[in-house]
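One structure is given here, and the rest of the page talks about it.
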Amino acid sequence: MIDIAFRIIDGIAACFTTNLSWDIVLSIYWFLFFIEFPRYYMLDVIAAIRYGATWRKRKNREAIARRMLYIEKPLITVLAPGKNEGEHIYKLVCSLKEQTYQNFEIIIIDDGSDNCSPQICEDLKQAGFITKFFRMRERCGKAAAANFGVMHAQGKYIVHLDADSSLDRDAIEKILLPFYYDRNIKGVGGCVKVRNADASLCTAMQAQEYLRTIQVGRMVTDMLGIYHIISGAFGAFETETIRQVGGWDIGPGLDGDITQKLRKAGYKVHFAENAICMTNVPETWSALFRQRKRWSKSLVRFRIRKHRDILWSNRNFSFSNMLSNAENIVYDFILNYVWFFYILGLLFGNGDRLPEIILMGWLIRVAFSIVAFIVIQCVSERSREERFLGGYLVLHTFYMGYFLRLTRLVGHTEELFFFSSYKDSWNPKKVSTVARMEGL
Amino acid sequence: MNQKTENRYQIITNNNRRRILVINDVVDVDRKADLAFEDFDAVFINVIDNLMDRIMLAIRLASPLLSEKCRFKPCYVTKRLTGWLGKAEVIVDGYASQPTDSNMAQGIEEIYANMRRINFLLGTEPVVSHAEEIFRLCRYAISRGQYTFSSHPTPGLSSGYMSLYYYTLWFEGQENQQLEERDFFHAQLLKLGYIRPTRFIDKIHVCPVCRQSHLLFFECCPKCGSSDIREEPVLHHFRCANVSPESTYQWDGELRCPKCHHTLRHIGVDYDKPSSIFTCRQCDESFMYPDMRVICPEDRRTWTTDDLLPIDVTEYEFTPEGIRVFANYDIRYTLSQAGFYGYSSMRDFLAYLRMVSKAEAKQADLFVVARFYVFDPAMDNIVAQETTPPVVKAMSRFFNYKSALWGNNYYFLCRASNGELAQVQSRMEYELKNELKDFQQRHEGFEFELVDTYVYHQGEDMEQFIHRIEEDRN
């Protein structure tokens, strides 16, 4: 398949240039061929093949786990902290009512909302849709709100959701099954997909990106044992363990942080690719830029600063933990800067044939994206509905290759040199001030 | 009047030549043979006693509402009792230091002037039922120029608000027992256009069963319903995002975070209190907002606030037509007495039974009817239909029984709930037998015998029940 792609690219390239031999192509696009391709495309293909090959084994394992789950039938706590999320809560509880697994309590924590959310939640509680509703009169931050919820959780497992999420009918059941695969698994991440994919070009690109980086990407990291982020939008934890590790710490990026804490404590985490959660994503480029910048900052703040000890010997050192952090730092942080200088080198070193190089690069990326999209179609549970996203592959280069990389670059740089995450309004000022002073 | 009698009561004449009956001790005015209705124009009660009950009894026996010889006559009380009369104050026209007081004399003249102006007829009917007591109260209010049923919060009343009818309350528990009757009477007055609403006062919430407004409100645990709950502030530690109740931070006299073990020194800098939480000591449930539970002390039932019955408290006044019919005593036969306890005609007695059997009654409600055979030679002398037989007057203290006399059958009815049937039945028989026995001792030739006691259960056919109690009547 790769060979065919190369031949196509070669053929197209030969049409408009004769001085780009394979040697030259490889030397120009080394970043694509030697860094991005093995990590993001080749491993995707391997993961997809493995996914197909182990299908029967996985089904058997799931069947056994499901039986164990329904024999034990533990109480689950569904926890949804949030601010001004009143309008989404009803949709959330409706999707929860439809779940195949029904033994759960719903705890909603209102983090100092300044709209009618508390009234909505209180009404829902009165109507019996919500088990417990707690309200912070002052905003404390998402981590604090979630911790308050953990304190009141009575379930054996906590399913943490974003308030604007909704779930597939079997999502809760599916996210609980991995706890019965291995008793050492204490955290399970669900697969987050985009609900408003058809809202704008921006959301369509994100939908495609989520499929690649979450559904397939996390399958890969899970397969390699370096799964390092249980999504905050949909993740499950054993209650006792989450209390043991002290719950969530100050964000942003608290979902990655809690995963690292679990790993450091010696527990396993797992990705449940078939436990599907849908969420709304930013519809404008500026909102998306801000969101991704914030996510990027958490990499510096938590993986490089807070959890840097994972890279060398700590009390619970494990090679896979080290590798999970190192992979994240190398690919998302260091190689991002490398890419920047690589692009600068291309721009300034090949001024006479820049259009050809850009066009060629785009073609190579489109070819890779087609491969990645085929992988997505192979593993996705709703491949037919997502097929339309293939039409956006031609823009994939500009979105993933340039926009997101540049956004990350800005975010990393701001955080690295200016500690800008401490000024982010995502956290209340009082919390950020203390976190900055204490170097958290 | 002999010396002893003079000490207990005397008649003096004031400056306006009005004769005033001065009562110095508890005197049953109606039973005093030497006192006639025409002998005095007003009453002055000068009873001072350590026992408040004796004072109240003295007022009751000379009340313009209940006493036949004192009916509608101005009634004044010694100034020394100002503020001590409670609800009875409403049937007192004023306080005076002595019976010849000029203010009292002026007040008496004004009352008589008002009665003349509206052509007020005194009437001769005795009060033997609660219905007649209320009739008389309304007439009394009109005779005093009080045309408004003012309502204001009143301590001691289970309804919470005073309205005209409650002025007739003399006994503990009477208010609730006669609630339906007052509602019925009120509805009839409205229907006939004798009263009209003038002002909305308040909407109050009362017990849906007994309409008690003095309710006990409890904040309680939404899970187990216990009111053993405590509220505690919730602390948010900025440093580690721990949020938990203050008690979890208490450590050796200082605040220490249970998660990161740092000491919390400064509110607003290290921590804040964003919320508070209730914890139930019985079941350990934590919750933000406790439920509200309401207990009715009267029937000891528990309700939620949504269960309570909302009631509009409204001010009413007599219409000109109402004033006319009450003053001229045209109303007694206009209003049906079917809904009232106390003595009534047999027709009204049966109408009442039919009415309540059709109404939305509580399932647990039962009716107990005791039937006595009575023979009173004095009744043979009664000719006018309106005249009340002496035995009925003697039994009038049983305001909680509805009674009717038909030939030689004397019926008494009372309500009971399922669990207390035997108790009510035996008490009823005991009370009535003893009262009739007393009457027998005072009236030669009077005979009586308990024929049977009948119990009506909800859902039974009322016509069959009526047939049963009428059997062998004649």
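Each chain in the structure tokens gets a letter, A, B and so on, in the order shown; residues start at 1 in every chain, and ligands are counted from 1 in the order they appear.
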
So that I can check the surroundings of segment 245-257 of chain B, please list as a PDB file with N, CA and C atoms, in the first residue's frame every protein, DNA and RNA residue that reaches within 10 Å of it, counting only C-alpha atoms and ignoring chain neighbours fewer than 3 positions away.
```pdb
ATOM      1  N   PHE A 148     -14.983  17.588  45.098  1.00  0.00           N
ATOM      2  CA  PHE A 148     -16.127  17.658  46.004  1.00  0.00           C
ATOM      3  C   PHE A 148     -17.122  16.544  45.657  1.00  0.00           C
ATOM      4  N   MET A 151     -15.947  13.214  46.929  1.00  0.00           N
ATOM      5  CA  MET A 151     -16.193  13.053  48.362  1.00  0.00           C
ATOM      6  C   MET A 151     -17.576  12.448  48.640  1.00  0.00           C
TER       7      MET A 151
ATOM      8  N   GLU B 231     -25.527  21.498  59.545  1.00  0.00           N
ATOM      9  CA  GLU B 231     -24.977  22.232  58.411  1.00  0.00           C
ATOM     10  C   GLU B 231     -23.522  22.560  58.717  1.00  0.00           C
ATOM     11  N   GLU B 232     -22.707  22.414  57.700  1.00  0.00           N
ATOM     12  CA  GLU B 232     -21.285  22.638  57.922  1.00  0.00           C
ATOM     13  C   GLU B 232     -20.709  23.356  56.706  1.00  0.00           C
ATOM     14  N   PRO B 233     -19.851  24.350  56.928  1.00  0.00           N
ATOM     15  CA  PRO B 233     -19.247  24.996  55.756  1.00  0.00           C
ATOM     16  C   PRO B 233     -18.287  24.059  55.036  1.00  0.00           C
ATOM     17  N   VAL B 234     -18.143  24.282  53.751  1.00  0.00           N
ATOM     18  CA  VAL B 234     -17.239  23.478  52.934  1.00  0.00           C
ATOM     19  C   VAL B 234     -16.012  24.336  52.622  1.00  0.00           C
ATOM     20  N   LEU B 235     -14.833  23.776  52.832  1.00  0.00           N
ATOM     21  CA  LEU B 235     -13.600  24.534  52.597  1.00  0.00           C
ATOM     22  C   LEU B 235     -12.951  24.099  51.289  1.00  0.00           C
ATOM     23  N   HIS B 236     -12.469  25.096  50.553  1.00  0.00           N
ATOM     24  CA  HIS B 236     -11.756  24.818  49.315  1.00  0.00           C
ATOM     25  C   HIS B 236     -10.299  25.223  49.510  1.00  0.00           C
ATOM     26  N   HIS B 237      -9.412  24.243  49.453  1.00  0.00           N
ATOM     27  CA  HIS B 237      -7.994  24.529  49.585  1.00  0.00           C
ATOM     28  C   HIS B 237      -7.444  24.828  48.194  1.00  0.00           C
ATOM     29  N   ARG B 239      -4.522  25.289  47.010  1.00  0.00           N
ATOM     30  CA  ARG B 239      -3.266  24.683  46.585  1.00  0.00           C
ATOM     31  C   ARG B 239      -3.467  23.334  45.890  1.00  0.00           C
ATOM     32  N   CYS B 240      -4.351  22.525  46.450  1.00  0.00           N
ATOM     33  CA  CYS B 240      -4.490  21.171  45.908  1.00  0.00           C
ATOM     34  C   CYS B 240      -5.889  20.867  45.409  1.00  0.00           C
ATOM     35  N   ASN B 242      -8.552  20.601  46.973  1.00  0.00           N
ATOM     36  CA  ASN B 242      -9.394  19.745  47.810  1.00  0.00           C
ATOM     37  C   ASN B 242     -10.600  20.537  48.319  1.00  0.00           C
ATOM     38  N   CYS B 260      -3.343  17.283  51.153  1.00  0.00           N
ATOM     39  CA  CYS B 260      -1.906  17.566  51.006  1.00  0.00           C
ATOM     40  C   CYS B 260      -1.239  17.886  52.351  1.00  0.00           C
ATOM     41  N   HIS B 261      -2.023  17.914  53.429  1.00  0.00           N
ATOM     42  CA  HIS B 261      -1.529  18.118  54.798  1.00  0.00           C
ATOM     43  C   HIS B 261      -0.885  19.482  55.022  1.00  0.00           C
ATOM     44  N   HIS B 262      -1.148  20.436  54.149  1.00  0.00           N
ATOM     45  CA  HIS B 262      -0.676  21.794  54.391  1.00  0.00           C
ATOM     46  C   HIS B 262      -1.606  22.507  55.366  1.00  0.00           C
ATOM     47  N   THR B 263      -1.043  23.432  56.109  1.00  0.00           N
ATOM     48  CA  THR B 263      -1.859  24.183  57.063  1.00  0.00           C
ATOM     49  C   THR B 263      -2.546  25.338  56.341  1.00  0.00           C
ATOM     50  N   LEU B 264      -3.799  25.511  56.652  1.00  0.00           N
ATOM     51  CA  LEU B 264      -4.557  26.611  56.060  1.00  0.00           C
ATOM     52  C   LEU B 264      -4.524  27.772  57.042  1.00  0.00           C
ATOM     53  N   ARG B 265      -3.919  28.872  56.606  1.00  0.00           N
ATOM     54  CA  ARG B 265      -3.709  29.969  57.544  1.00  0.00           C
ATOM     55  C   ARG B 265      -4.622  31.165  57.287  1.00  0.00           C
ATOM     56  N   HIS B 266      -4.915  31.392  56.031  1.00  0.00           N
ATOM     57  CA  HIS B 266      -5.511  32.685  55.711  1.00  0.00           C
ATOM     58  C   HIS B 266      -6.672  32.501  54.734  1.00  0.00           C
ATOM     59  N   TYR B 271      -7.395  29.505  51.386  1.00  0.00           N
ATOM     60  CA  TYR B 271      -8.642  28.742  51.238  1.00  0.00           C
ATOM     61  C   TYR B 271      -9.829  29.686  51.242  1.00  0.00           C
ATOM     62  N   LYS B 273     -14.509  29.499  51.600  1.00  0.00           N
ATOM     63  CA  LYS B 273     -15.669  28.666  51.950  1.00  0.00           C
ATOM     64  C   LYS B 273     -16.742  28.872  50.879  1.00  0.00           C
ATOM     65  N   SER B 275     -19.185  27.038  49.894  1.00  0.00           N
ATOM     66  CA  SER B 275     -20.514  26.446  50.016  1.00  0.00           C
ATOM     67  C   SER B 275     -20.693  25.916  51.428  1.00  0.00           C
ATOM     68  N   SER B 276     -21.843  25.361  51.659  1.00  0.00           N
ATOM     69  CA  SER B 276     -22.061  24.646  52.912  1.00  0.00           C
ATOM     70  C   SER B 276     -22.848  23.379  52.595  1.00  0.00           C
ATOM     71  N   ILE B 277     -22.769  22.453  53.486  1.00  0.00           N
ATOM     72  CA  ILE B 277     -23.381  21.154  53.198  1.00  0.00           C
ATOM     73  C   ILE B 277     -24.065  20.614  54.448  1.00  0.00           C
ATOM     74  N   PHE B 278     -25.168  19.953  54.236  1.00  0.00           N
ATOM     75  CA  PHE B 278     -25.881  19.321  55.352  1.00  0.00           C
ATOM     76  C   PHE B 278     -25.485  17.849  55.410  1.00  0.00           C
ATOM     77  N   THR B 279     -25.318  17.356  56.609  1.00  0.00           N
ATOM     78  CA  THR B 279     -25.045  15.923  56.779  1.00  0.00           C
ATOM     79  C   THR B 279     -26.056  15.350  57.770  1.00  0.00           C
TER      80      THR B 279
END
```

Do me a favour and pick out the residues of chain A within 7 Å of chain B, using only C-alpha atoms, as a list of chain:residue names. A:Lys132, A:Phe133, A:Phe134, A:Arg135, A:Met136, A:Arg137, A:Glu138, A:Ala143, A:Ala144, A:Asn147, A:Phe148, A:Gly246, A:Asp249, A:Ile250, A:Val431, A:Val434, A:Ala435

Contacts of Phe418 of chain A at 12 Å (only C-alpha atoms; same-chain gap of 5+ positions) as a ChimeraX atom specification: /A:297,300-301,410-413,423-424,436

Could you write those residues out with C-alpha atoms, as a short mmCIF file (atom, residue, chain, number, x, y, z; two decimals), in the first residue's frame?
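Written file, selection_32.cif:
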```
data_model
loop_
_atom_site.label_atom_id
_atom_site.label_comp_id
_atom_site.auth_asym_id
_atom_site.auth_seq_id
_atom_site.Cartn_x
_atom_site.Cartn_y
_atom_site.Cartn_z
CA LYS A 297 0.31 24.56 28.00
CA VAL A 300 4.68 21.86 29.64
CA ARG A 301 3.15 22.47 33.02
CA VAL A 410 2.65 29.22 20.57
CA GLY A 411 1.15 27.47 23.61
CA HIS A 412 4.36 25.67 24.53
CA THR A 413 6.46 28.78 24.12
CA LYS A 423 -2.99 33.70 34.03
CA ASP A 424 -5.61 31.68 32.21
CA ARG A 436 2.00 30.11 40.71
#
```

So which residues touch segment 112-125 of chain A within 6 Å, counting only C-alpha atoms, skipping near sequence neighbours fewer than 2 positions away, as a PDB file with C-alpha atoms, in the first residue's frame?
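Below is the file out.pdb, written as the result:
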```pdb
ATOM      1  CA  LYS A  83     -20.005  26.015  35.323  1.00  0.00           C
ATOM      2  CA  ASN A  84     -23.064  27.429  33.538  1.00  0.00           C
ATOM      3  CA  GLY A  86     -27.530  23.975  33.031  1.00  0.00           C
ATOM      4  CA  ASP A 110     -22.160  23.452  39.964  1.00  0.00           C
ATOM      5  CA  ALA A 127     -37.844  15.523  39.405  1.00  0.00           C
ATOM      6  CA  GLY A 128     -35.567  12.608  40.229  1.00  0.00           C
ATOM      7  CA  PHE A 129     -33.260  12.930  37.223  1.00  0.00           C
ATOM      8  CA  ILE A 130     -30.249  13.763  39.384  1.00  0.00           C
ATOM      9  CA  MET A 136     -20.412  26.173  45.006  1.00  0.00           C
ATOM     10  CA  ARG A 137     -21.547  29.720  45.540  1.00  0.00           C
ATOM     11  CA  GLU A 138     -18.096  30.890  44.482  1.00  0.00           C
ATOM     12  CA  ARG A 139     -16.154  29.460  41.602  1.00  0.00           C
TER      13      ARG A 139
END
```

Would you list the contacts of segment 165-176 of chain A as a PDB file with C-alpha atoms, in the first residue's frame, taking every protein, DNA or RNA residue within 6 Å and counting only C-alpha atoms, but skipping same-chain residues closer than 5 positions in sequence?
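So the final result, stored in part26.pdb, reads:
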```pdb
ATOM      1  CA  LEU A  92     -26.848  14.487  29.556  1.00  0.00           C
ATOM      2  CA  SER A  95     -28.665  10.005  27.511  1.00  0.00           C
ATOM      3  CA  GLU A  98     -31.022   5.327  28.076  1.00  0.00           C
ATOM      4  CA  GLN A  99     -27.973   3.438  29.268  1.00  0.00           C
ATOM      5  CA  THR A 100     -27.921  -0.339  29.199  1.00  0.00           C
ATOM      6  CA  TYR A 101     -26.214  -0.301  32.599  1.00  0.00           C
ATOM      7  CA  ALA A 272     -12.024   1.668  25.768  1.00  0.00           C
ATOM      8  CA  ALA A 275     -17.215   3.363  24.773  1.00  0.00           C
ATOM      9  CA  ILE A 276     -18.381   6.356  22.806  1.00  0.00           C
ATOM     10  CA  CYS A 277     -19.049   9.816  24.130  1.00  0.00           C
ATOM     11  CA  MET A 278     -20.118  12.710  21.931  1.00  0.00           C
ATOM     12  CA  THR A 279     -19.197  16.273  22.752  1.00  0.00           C
TER      13      THR A 279
END
```
